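Just work-v7.cif here, mmCIF, C-alpha atoms:
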data_final
loop_
_atom_site.label_atom_id
_atom_site.label_comp_id
_atom_site.auth_asym_id
_atom_site.auth_seq_id
_atom_site.Cartn_x
_atom_site.Cartn_y
_atom_site.Cartn_z
CA MET A 1389 -4.82 0.11 10.55
CA ARG A 1390 -1.90 -0.12 8.17
CA ARG A 1391 -0.30 -3.57 8.11
CA ALA A 1392 3.32 -4.19 8.97
CA ARG A 1393 5.48 -3.96 5.89
CA ARG A 1394 6.53 -7.61 5.95
CA SER A 1395 7.53 -7.51 2.29
CA TRP A 1396 10.88 -6.21 3.52
CA ALA A 1397 11.99 -9.82 3.98
CA LEU A 1398 10.50 -10.90 0.68
CA ALA A 1399 12.16 -8.18 -1.40
CA ALA A 1400 14.16 -5.54 0.46
CA LEU A 1401 16.02 -8.12 2.49
CA LEU A 1402 18.02 -8.83 -0.65
CA LEU A 1403 19.62 -5.39 -0.33
CA VAL A 1404 21.83 -6.79 2.40
CA SER A 1405 22.76 -9.74 0.23
CA ALA A 1406 24.11 -7.56 -2.60
CA ALA A 1407 27.65 -7.60 -1.17
CA ALA A 1408 27.55 -11.30 -0.31
CA PRO A 1409 28.10 -14.37 -2.49
CA ARG A 1410 25.11 -16.46 -3.39
CA ASP A 1411 26.08 -19.18 -0.91
CA GLY A 1412 26.60 -16.77 1.99
CA VAL A 1413 24.32 -14.41 3.90
CA GLY A 1414 22.72 -13.17 0.72
CA GLY A 1415 21.85 -16.70 -0.34
CA ALA A 1416 20.36 -17.43 3.07
CA LEU A 1417 18.21 -14.31 2.96
CA ALA A 1418 17.00 -15.17 -0.53
CA ARG A 1419 16.16 -18.69 0.65
CA VAL A 1420 14.27 -17.32 3.68
CA ALA A 1421 12.27 -14.98 1.42
CA GLU A 1422 11.48 -17.81 -0.98
CA LEU A 1423 10.29 -20.22 1.72
CA CYS A 1424 8.28 -17.53 3.52
CA GLY A 1425 6.55 -16.62 0.28
CA ALA A 1426 5.64 -20.30 -0.12
CA HIS A 1427 4.24 -20.36 3.45
CA ASP A 1428 6.91 -22.85 4.52
CA TYR A 1429 7.55 -21.01 7.78
CA ASP A 1430 9.42 -23.81 9.50
CA GLY A 1431 11.78 -24.15 6.55
CA ALA A 1432 12.35 -20.39 6.44
CA LEU A 1433 13.21 -20.27 10.14
CA ALA A 1434 15.56 -23.22 9.75
CA ALA A 1435 17.41 -21.51 6.88
CA ALA A 1436 17.84 -18.32 8.91
CA ASP A 1437 18.98 -20.22 12.00
CA ALA A 1438 21.54 -22.19 9.99
CA GLN A 1439 23.12 -19.00 8.66
CA LEU A 1440 23.11 -17.41 12.11
CA THR A 1441 24.95 -20.45 13.46
CA ALA A 1442 27.50 -20.17 10.66
CA LEU A 1443 28.08 -16.48 11.44
CA GLY A 1444 28.52 -17.25 15.11
CA SER A 1445 31.11 -19.92 14.46
CA GLY A 1446 33.01 -17.84 11.90
CA THR A 1447 32.24 -20.17 8.99
CA GLY A 1448 30.02 -19.64 6.01
CA ASP A 1449 30.81 -15.89 5.79
CA ALA A 1450 33.91 -15.87 3.63
CA PHE A 1451 32.95 -12.52 2.15
CA LEU A 1452 33.70 -10.91 5.53
CA SER A 1453 37.37 -11.85 5.23
CA ARG A 1454 37.82 -9.06 2.69
CA TRP A 1455 37.39 -6.47 5.42
CA THR A 1456 39.53 -5.47 8.40
CA ASP A 1457 38.69 -6.85 11.81
CA VAL A 1458 36.63 -3.80 12.81
CA GLU A 1459 34.83 -3.73 9.52
CA ALA A 1460 34.22 -7.47 9.66
CA VAL A 1461 32.63 -7.17 13.11
CA SER A 1462 30.34 -4.39 11.87
CA ARG A 1463 29.42 -6.32 8.74
CA ARG A 1464 28.75 -9.46 10.75
CA ALA A 1465 26.48 -7.55 13.14
CA GLU A 1466 24.51 -6.09 10.25
CA ALA A 1467 24.20 -9.53 8.65
CA ARG A 1468 22.93 -11.01 11.90
CA ALA A 1469 20.50 -8.10 12.27
CA ALA A 1470 19.13 -8.73 8.78
CA LEU A 1471 18.67 -12.44 9.55
CA GLN A 1472 16.93 -11.66 12.84
CA TYR A 1473 14.62 -9.23 11.08
CA ALA A 1474 13.87 -11.90 8.49
CA ARG A 1475 13.00 -14.31 11.29
CA GLY A 1476 10.67 -11.68 12.77
CA VAL A 1477 8.89 -11.33 9.44
CA VAL A 1478 8.49 -15.11 9.15
CA LEU A 1479 7.10 -15.37 12.70
CA ALA A 1480 4.72 -12.47 12.09
CA GLU A 1481 3.42 -14.09 8.91
CA ARG A 1482 3.05 -17.45 10.65
CA ASP A 1483 1.07 -16.01 13.58
CA ALA A 1484 -0.96 -13.47 11.57
CA GLU A 1485 -4.21 -15.43 11.98
CA LEU A 1486 -3.78 -16.23 15.68
CA ASP A 1487 -5.51 -14.35 18.48
CA PRO A 1488 -2.87 -11.93 19.85
CA THR A 1489 -4.71 -11.74 23.19
CA ALA A 1490 -4.32 -15.48 23.87
CA PRO A 1491 -1.57 -16.26 26.41
CA PRO A 1492 1.27 -18.46 25.16
CA ALA A 1493 1.27 -22.11 26.08
CA ALA A 1494 2.93 -22.71 29.44
CA ASP A 1495 4.81 -25.80 28.24
CA ALA A 1496 6.03 -24.25 24.96
CA PRO A 1497 5.84 -20.45 24.99
CA GLY A 1498 7.91 -20.18 21.81
CA GLU A 1499 9.47 -17.12 20.24
CA THR A 1500 7.48 -14.15 19.04
CA ALA A 1501 8.00 -11.85 16.10
CA ARG A 1502 8.61 -9.00 18.51
CA ASP A 1503 11.54 -10.89 20.07
CA ALA A 1504 13.24 -11.21 16.67
CA PHE A 1505 12.55 -7.60 15.69
CA GLU A 1506 14.04 -6.33 18.96
CA ARG A 1507 17.16 -8.44 18.42
CA ALA A 1508 17.54 -6.84 15.02
CA LEU A 1509 17.23 -3.39 16.62
CA GLY A 1510 19.93 -4.29 19.12
CA LEU A 1511 22.36 -5.41 16.41
CA SER A 1512 21.83 -2.95 13.57
CA SER A 1513 22.90 0.64 13.10
CA ASP A 1514 21.33 0.85 9.64
CA LEU A 1515 18.62 3.52 9.61
CA GLY A 1516 16.39 1.71 7.15
CA LEU A 1517 16.33 -1.54 9.09
CA ARG A 1518 15.82 0.25 12.40
CA CYS A 1519 12.90 2.23 10.97
CA ASP A 1520 11.22 -0.90 9.63
CA ALA A 1521 11.78 -2.91 12.82
CA THR A 1522 10.44 -0.09 15.02
CA TYR A 1523 7.41 0.34 12.79
CA ASP A 1524 6.69 -3.40 12.80
CA VAL A 1525 6.90 -3.72 16.60
CA GLY A 1526 4.60 -0.71 17.00
CA THR A 1527 2.13 -2.15 14.50
CA LEU A 1528 2.16 -5.50 16.29
CA ARG A 1529 1.25 -3.75 19.55
CA LEU A 1530 -1.48 -1.80 17.75
CA ARG A 1531 -2.88 -5.10 16.49
CA VAL A 1532 -2.96 -6.39 20.07
CA GLY A 1533 -4.82 -3.26 21.16
CA GLU A 1534 -7.37 -3.71 18.38
CA ALA A 1535 -7.97 -7.33 19.44
CA TRP A 1536 -8.59 -6.34 23.08
CA ARG A 1537 -10.81 -3.41 22.01
CA ALA A 1538 -13.01 -5.79 20.01
CA LYS A 1539 -13.81 -7.60 23.28
CA LEU A 1540 -15.27 -4.52 24.97
CA PRO A 1541 -19.08 -4.74 25.38
CA GLU A 1542 -19.39 -1.12 24.24
CA VAL A 1543 -17.69 -2.04 20.95
CA SER A 1544 -18.89 -5.59 20.31
CA GLY A 1545 -22.49 -4.87 21.38
CA GLN A 1546 -22.54 -7.97 23.56
CA ALA A 1547 -23.37 -7.99 27.24
CA ALA A 1548 -20.49 -7.98 29.67
CA PRO A 1549 -19.59 -11.45 30.99
CA PRO A 1550 -20.80 -12.21 34.52
CA ALA A 1551 -18.39 -11.76 37.35
CA ALA A 1552 -16.38 -14.82 38.26
CA PRO A 1553 -17.68 -16.59 41.39
CA ALA A 1554 -15.70 -16.34 44.58
CA PRO A 1555 -13.29 -19.23 45.19
CA ALA A 1556 -14.56 -22.01 47.41
CA PRO A 1557 -13.42 -22.08 51.04
CA GLY A 1558 -10.09 -23.77 51.43
CA VAL A 1559 -8.93 -22.98 47.90
CA ALA A 1560 -5.66 -21.14 47.83
CA ALA A 1561 -5.88 -17.54 46.65
CA ALA A 1562 -3.01 -18.10 44.22
CA THR A 1563 -5.09 -20.57 42.22
CA ALA A 1564 -7.78 -17.94 41.51
CA GLN A 1565 -6.45 -16.13 38.46
CA PRO A 1566 -8.20 -12.78 37.89
CA GLU A 1567 -9.57 -12.32 34.38
CA ALA A 1568 -7.81 -9.69 32.32
CA ASP A 1569 -9.70 -6.43 31.84
CA PRO A 1570 -9.99 -5.79 28.08
CA LEU A 1571 -10.10 -2.02 28.58
CA GLN A 1572 -6.87 -1.88 30.57
CA GLN A 1573 -5.15 -4.37 28.27
CA ALA A 1574 -6.17 -2.37 25.21
CA ARG A 1575 -4.99 0.89 26.77
CA ALA A 1576 -1.57 -0.58 27.62
CA ALA A 1577 -1.13 -1.89 24.07
CA TYR A 1578 -2.19 1.41 22.49
CA GLU A 1579 0.10 3.41 24.77
CA GLU A 1580 3.10 1.27 23.85
CA ALA A 1581 2.22 1.38 20.15
CA LYS A 1582 1.97 5.17 20.39
CA GLU A 1583 5.47 5.43 21.87
CA LEU A 1584 6.98 3.11 19.25
CA LEU A 1585 5.32 4.84 16.31
CA THR A 1586 6.36 8.21 17.70
CA THR A 1587 9.94 6.96 17.77
CA ARG A 1588 9.51 5.76 14.20
CA LEU A 1589 8.44 9.23 13.07
CA GLN A 1590 11.34 10.79 14.93
CA LEU A 1591 13.71 8.59 12.92
CA ASP A 1592 12.06 9.62 9.65
CA TRP A 1593 8.94 11.78 9.61
CA ARG A 1594 8.11 11.04 5.92
CA ASP A 1595 6.18 7.84 6.58
CA ALA A 1596 2.46 7.86 5.82
CA ASP A 1597 1.84 4.43 7.38
CA ALA A 1598 3.44 5.41 10.68
CA ARG A 1599 1.40 8.64 10.80
CA ALA A 1600 -1.85 6.82 10.03
CA ASN A 1601 -1.27 4.20 12.73
CA LEU A 1602 -0.20 6.83 15.27
CA GLU A 1603 -3.36 8.85 14.64
CA LEU A 1604 -5.41 5.66 15.05
CA CYS A 1605 -3.74 5.05 18.43
CA LEU A 1606 -4.69 8.54 19.59
CA ARG A 1607 -8.31 8.09 18.51
CA ARG A 1608 -8.51 4.72 20.25
CA LEU A 1609 -7.09 6.11 23.51
CA ASP A 1610 -9.65 8.94 23.47
CA GLU A 1611 -12.39 6.37 22.91
CA LEU A 1612 -11.21 4.27 25.87
CA ASP A 1613 -11.22 7.35 28.10
CA ARG A 1614 -14.84 8.06 27.15
CA ILE A 1615 -15.86 4.45 27.79
CA GLU A 1616 -14.20 4.46 31.20
CA GLU A 1617 -15.89 7.75 32.12
CA GLN A 1618 -19.30 6.36 31.13
CA ARG A 1619 -18.71 3.28 33.24
CA GLN A 1620 -17.84 5.39 36.26
CA GLN A 1621 -21.01 7.46 35.83
CA GLN A 1622 -23.12 4.32 35.62
CA GLN A 1623 -21.44 2.93 38.72
CA GLN A 1624 -22.16 6.16 40.61
CA GLU A 1625 -25.83 5.99 39.63
CA GLN A 1626 -26.11 2.34 40.68
CA GLN A 1627 -24.52 3.12 44.03
CA GLN A 1628 -26.71 6.19 44.56
CA ASP A 1629 -30.06 4.42 43.96
CA PRO A 1630 -29.84 2.05 46.99
CA GLN A 1631 -28.71 4.94 49.17
CA ASP A 1632 -31.71 7.04 48.13
CA GLN A 1633 -34.10 4.16 48.86
CA GLN A 1634 -32.56 3.65 52.29
CA GLN A 1635 -32.85 7.35 53.08
CA ASP A 1636 -36.52 7.37 52.03
CA GLN A 1637 -37.24 4.40 54.28
CA GLN A 1638 -35.54 6.10 57.23
CA GLN A 1639 -37.54 9.28 56.66
CA ASP A 1640 -40.81 7.32 56.53
CA GLN A 1641 -39.99 5.62 59.82
CA GLN A 1642 -39.21 8.94 61.48
CA LYS A 1643 -42.56 10.54 60.54
CA PRO A 1644 -45.18 10.60 63.37
CA ASP A 1645 -48.31 8.52 63.00
CA GLN A 1646 -50.96 10.57 61.28
CA GLN A 1647 -54.68 10.30 61.76
CA LYS A 1648 -56.36 7.85 59.44
CA PRO A 1649 -58.64 9.35 56.79
CA ASP A 1650 -61.82 7.81 58.26
CA GLU A 1651 -61.08 9.28 61.70
CA GLN A 1652 -60.76 12.89 60.51
CA PRO A 1653 -63.57 15.17 61.74
CA PRO A 1654 -65.98 16.27 59.10
CA SER A 1655 -65.37 19.71 57.76
CA ASP A 1656 -68.11 22.32 57.54
CA GLU A 1657 -66.51 23.94 54.53
CA PRO A 1658 -67.90 22.76 51.23
CA GLN A 1659 -65.48 21.12 48.92
CA GLU A 1660 -64.45 23.06 45.90
CA GLN A 1661 -65.98 21.83 42.71
CA ASP A 1662 -63.90 21.63 39.63
CA SER A 1663 -65.54 24.03 37.25
CA GLN A 1664 -63.53 22.84 34.34
CA ASP A 1665 -65.20 20.73 31.71
CA PRO A 1666 -64.16 17.07 32.02
CA GLN A 1667 -63.62 16.95 28.28
CA GLU A 1668 -61.20 19.84 28.58
CA GLN A 1669 -59.35 18.00 31.33
CA GLN A 1670 -58.91 14.91 29.22
CA GLN A 1671 -57.84 16.80 26.12
CA PRO A 1672 -54.05 16.54 25.78
CA GLU A 1673 -52.01 19.58 25.07
CA GLN A 1674 -51.13 19.97 21.44
CA PRO A 1675 -47.51 20.78 20.72
CA GLN A 1676 -46.82 24.13 19.17
CA GLU A 1677 -45.33 24.33 15.73
CA GLY A 1678 -42.24 26.10 17.00
CA ASP A 1679 -41.59 23.46 19.66
CA GLN A 1680 -40.36 20.83 17.27
CA GLN A 1681 -36.79 19.92 17.98
CA PRO A 1682 -34.40 19.68 15.07
CA GLU A 1683 -33.26 16.19 14.33
CA PRO A 1684 -29.70 15.61 15.47
CA GLN A 1685 -27.31 15.33 12.66
CA PRO A 1686 -25.25 12.10 12.63
CA GLN A 1687 -21.68 12.56 13.54
CA ASP A 1688 -18.98 11.53 11.17
CA GLN A 1689 -17.34 8.43 12.58
CA ALA A 1690 -14.89 7.80 9.80
CA GLN A 1691 -12.02 10.21 9.92
CA GLN A 1692 -10.11 10.71 6.75
CA GLU A 1693 -6.41 10.11 6.88
CA GLN A 1694 -4.31 13.22 6.57
CA TYR A 1695 -0.92 13.32 5.00
CA LEU A 1696 0.94 15.84 7.06
CA THR A 1697 3.86 18.09 6.38
CA LYS A 1698 6.95 17.99 8.54
CA GLU A 1699 5.72 20.95 10.60
CA GLU A 1700 2.31 19.30 11.09
CA VAL A 1701 3.98 16.09 12.18
CA GLN A 1702 5.92 18.06 14.79
CA ARG A 1703 2.64 19.56 16.03
CA LEU A 1704 1.23 16.05 16.20
CA LEU A 1705 4.14 14.93 18.31
CA ASP A 1706 3.66 17.96 20.58
CA LYS A 1707 0.03 16.94 21.06
CA LEU A 1708 1.14 13.57 22.39
CA GLU A 1709 2.50 15.11 25.57
CA GLU A 1710 -0.70 17.14 26.03
CA HIS A 1711 -2.78 13.99 25.48
CA GLU A 1712 -0.77 12.11 28.12
CA ARG A 1713 -1.18 14.94 30.65
CA GLU A 1714 -4.93 15.15 30.07
CA GLY A 1715 -5.31 11.39 30.39
CA GLU A 1716 -3.35 11.34 33.64
CA GLU A 1717 -5.41 14.21 35.07
CA GLN A 1718 -8.66 12.46 34.13
CA ARG A 1719 -7.55 9.20 35.74
CA ALA A 1720 -6.46 11.13 38.87
CA ARG A 1721 -9.89 12.75 39.13
CA ALA A 1722 -11.52 9.36 38.74
CA ARG A 1723 -9.39 7.88 41.53
CA SER A 1724 -10.17 10.86 43.78
CA SER A 1725 -13.89 10.50 43.08
CA GLN A 1726 -13.74 6.78 43.85
CA ARG A 1727 -12.00 7.43 47.18
CA SER A 1728 -14.57 10.07 48.16
CA ARG A 1729 -17.47 7.73 47.36
CA THR A 1730 -15.89 4.97 49.42
CA ALA A 1731 -15.53 7.32 52.37
CA ARG A 1732 -19.19 8.40 52.17
CA ASP A 1733 -20.43 4.81 51.91
CA TRP A 1734 -18.52 3.89 55.05
#
Could you render the structure from this file as structure tokens?
Amino acid sequence: MRRARRSWALAALLLVSAAAPRDGVGGALARVAELCGAHDYDGALAAADAQLTALGSGTGDAFLSRWTDVEAVSRRAEARAALQYARGVVLAERDAELDPTAPPAADAPGETARDAFERALGLSSDLGLRCDATYDVGTLRLRVGEAWRAKLPEVSGQAAPPAAPAPAPGVAAATAQPEADPLQQARAAYEEAKELLTTRLQLDWRDADARANLELCLRRLDELDRIEEQRQQQQQEQQQDPQDQQQDQQQDQQKPDQQKPDEQPPSDEPQEQDSQDPQEQQQPEQPQEGDQQPEPQPQDQAQQEQYLTKEEVQRLLDKLEEHEREGEEQRARARSSQRSRTARDW
């Protein structure tokens, strides 16, 4: 997975500050970049918030007075968008080592990097900033999908956790919080990342990082579909085994009582003697030379990244719709199969 290009705040953020004096928006962005590079995330957020407050009150942005009212409003919106994007970069750097699957604290949920990036998208009309913000949000969602995928037993190699016990009698149902399903959580994150990265390529198709992350999303979604199909097959086999045992027991009960072996009348016919040599009976069959099966060749698991042309990118985008239709049809068949099994069990 390609990382989010957070260096935008550490270097490219200064592009916005080129038209501003050192003590204005440009100075604030430079200060944010400096503090973020020093891992002083609280100080970087404070510097960005102070400049946002100044822009909101109409102070601290004297460079905007050189423009007309309409131009000043547009410039102010772009400055606020740049500061919000910078805040998103700082928050993403601060939370880079945290578990993205952990729920936020109930007493202090806090602000996320995605919140700041989406504010920047809502304020800016600059293509470069919108491309970077869209890419970063999509990459954040891809990172969430990767974290949930790592919790799947089929991926981690660990046994699935035991089912949670039923709540005790008298306990309200609302207090029993169902545990999140890693497979469904991962699929939702990958689907959203796929949509965001597709939008990023539609804005500008010449982005190798966006293509690589989009292709990774597609591979991960195919993998989740295979895992879910294997689980459904295992569930069908587990449900079928008890039914077969019950049917065998019913058939045994329905058979009439047969005469015991010691009560059978003696037969006048001599029993056939096995004319075959006992040593020949015990000798195992030797495999023929032509029966040897060829050893399966290992499949390539690592897929090399492809740098696509514009036409190939368009074909990739066309495949997204086909992938969504196939996934929906597969899930519909699974739901129909589940309903039919439930009807037969009843």
Which residues match the PyMOL selection byres ((chain A and resi 1707-1718) around 9) in the file above, as JSON, numbers by chain?
-> {"A": [1582, 1586, 1606, 1609, 1610, 1613, 1617, 1702, 1703, 1704, 1705, 1706, 1719, 1720, 1721, 1722, 1723]}
Choose the residue, out of A:Leu1591, A:Ile1615, A:Glu1506, A:Gly1533, that has the smallest atom-to-atom separation from Glu1579 (chain A); count all atoms listed in the file.
->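 Nearest to Glu1579 (chain A): A:Gly1533.
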Residue nearest Glu1422 (chain A) among A:Ala1474, A:Ala1484, A:Leu1440, A:Leu1585 (counting only C-alpha atoms) |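 Checking each of A:Ala1474, A:Ala1484, A:Leu1440, A:Leu1585 against Glu1422 (chain A), counting only C-alpha atoms, the winner is A:Ala1474.
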Minimum-distance residue to Gln1472 (chain A), chosen among A:Leu1602, A:Leu1511, A:Cys1519, A:Ala1538 (using all atoms listed in the file) | A:Leu1511
Go through A:Asp1592, A:Ala1501, A:Asp1569, A:Val1543 and flag the residue nearest Arg1608 (chain A), using all atoms listed in the file for the distances.
-> A:Val1543
Please, what distance in Å, to one decimal, runs between CA of Leu1584 (chain A) and CA of Thr1522 (chain A)?
-> 6.3 Å
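When CA of Thr1489 (chain A) is paired with CA of Arg1475 (chain A), their separation reads 21.5 Å.
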Which neighbours of Glu1534 (chain A) fall inside 10 Å, counting only C-alpha atoms, when residues of the same chain fewer than 3 positions from it are skipped, and could you give them as a PyMOL selection string?
-> chain A and resi 1389+1488-1489+1528-1531+1537-1539+1574-1575+1577-1578+1605+1608
Write the selection just made, keeping C-alpha atoms, as a PDB file, keeping the file's coordinate frame?
ATOM      1  CA  MET A1389      -4.820   0.110  10.550  1.00  0.00           C
ATOM      2  CA  PRO A1488      -2.870 -11.930  19.850  1.00  0.00           C
ATOM      3  CA  THR A1489      -4.710 -11.740  23.190  1.00  0.00           C
ATOM      4  CA  LEU A1528       2.160  -5.500  16.290  1.00  0.00           C
ATOM      5  CA  ARG A1529       1.250  -3.750  19.550  1.00  0.00           C
ATOM      6  CA  LEU A1530      -1.480  -1.800  17.750  1.00  0.00           C
ATOM      7  CA  ARG A1531      -2.880  -5.100  16.490  1.00  0.00           C
ATOM      8  CA  ARG A1537     -10.810  -3.410  22.010  1.00  0.00           C
ATOM      9  CA  ALA A1538     -13.010  -5.790  20.010  1.00  0.00           C
ATOM     10  CA  LYS A1539     -13.810  -7.600  23.280  1.00  0.00           C
ATOM     11  CA  ALA A1574      -6.170  -2.370  25.210  1.00  0.00           C
ATOM     12  CA  ARG A1575      -4.990   0.890  26.770  1.00  0.00           C
ATOM     13  CA  ALA A1577      -1.130  -1.890  24.070  1.00  0.00           C
ATOM     14  CA  TYR A1578      -2.190   1.410  22.490  1.00  0.00           C
ATOM     15  CA  CYS A1605      -3.740   5.050  18.430  1.00  0.00           C
ATOM     16  CA  ARG A1608      -8.510   4.720  20.250  1.00  0.00           C
TER      17      ARG A1608
END
Convert the output of the PyMOL selection byres ((chain A and resi 1429) around 10) on the shown file into explicit residues, formatted as a ChimeraX atom specification.
-> /A:1420-1421,1423-1428,1430-1435,1475,1477-1482
Separation of CA of Gly1412 (chain A) from CA of Ala1521 (chain A), in Å and rounded to one decimal |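 For CA of Gly1412 (chain A) relative to CA of Ala1521 (chain A), the distance reads 23.0 Å.
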Taking (26.1, -1.8, 15.0) in the file's coordinates, which residues come within 10 Å, counting all atoms listed in the file, written as a list of chain:residue names?
->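 Using all atoms listed in the file, the matching residues come out as A:Val1461, A:Ser1462, A:Arg1463, A:Arg1464, A:Ala1465, A:Glu1466, A:Ala1469, A:Ala1508, A:Leu1509, A:Gly1510, A:Leu1511, A:Ser1512, A:Ser1513, A:Asp1514.
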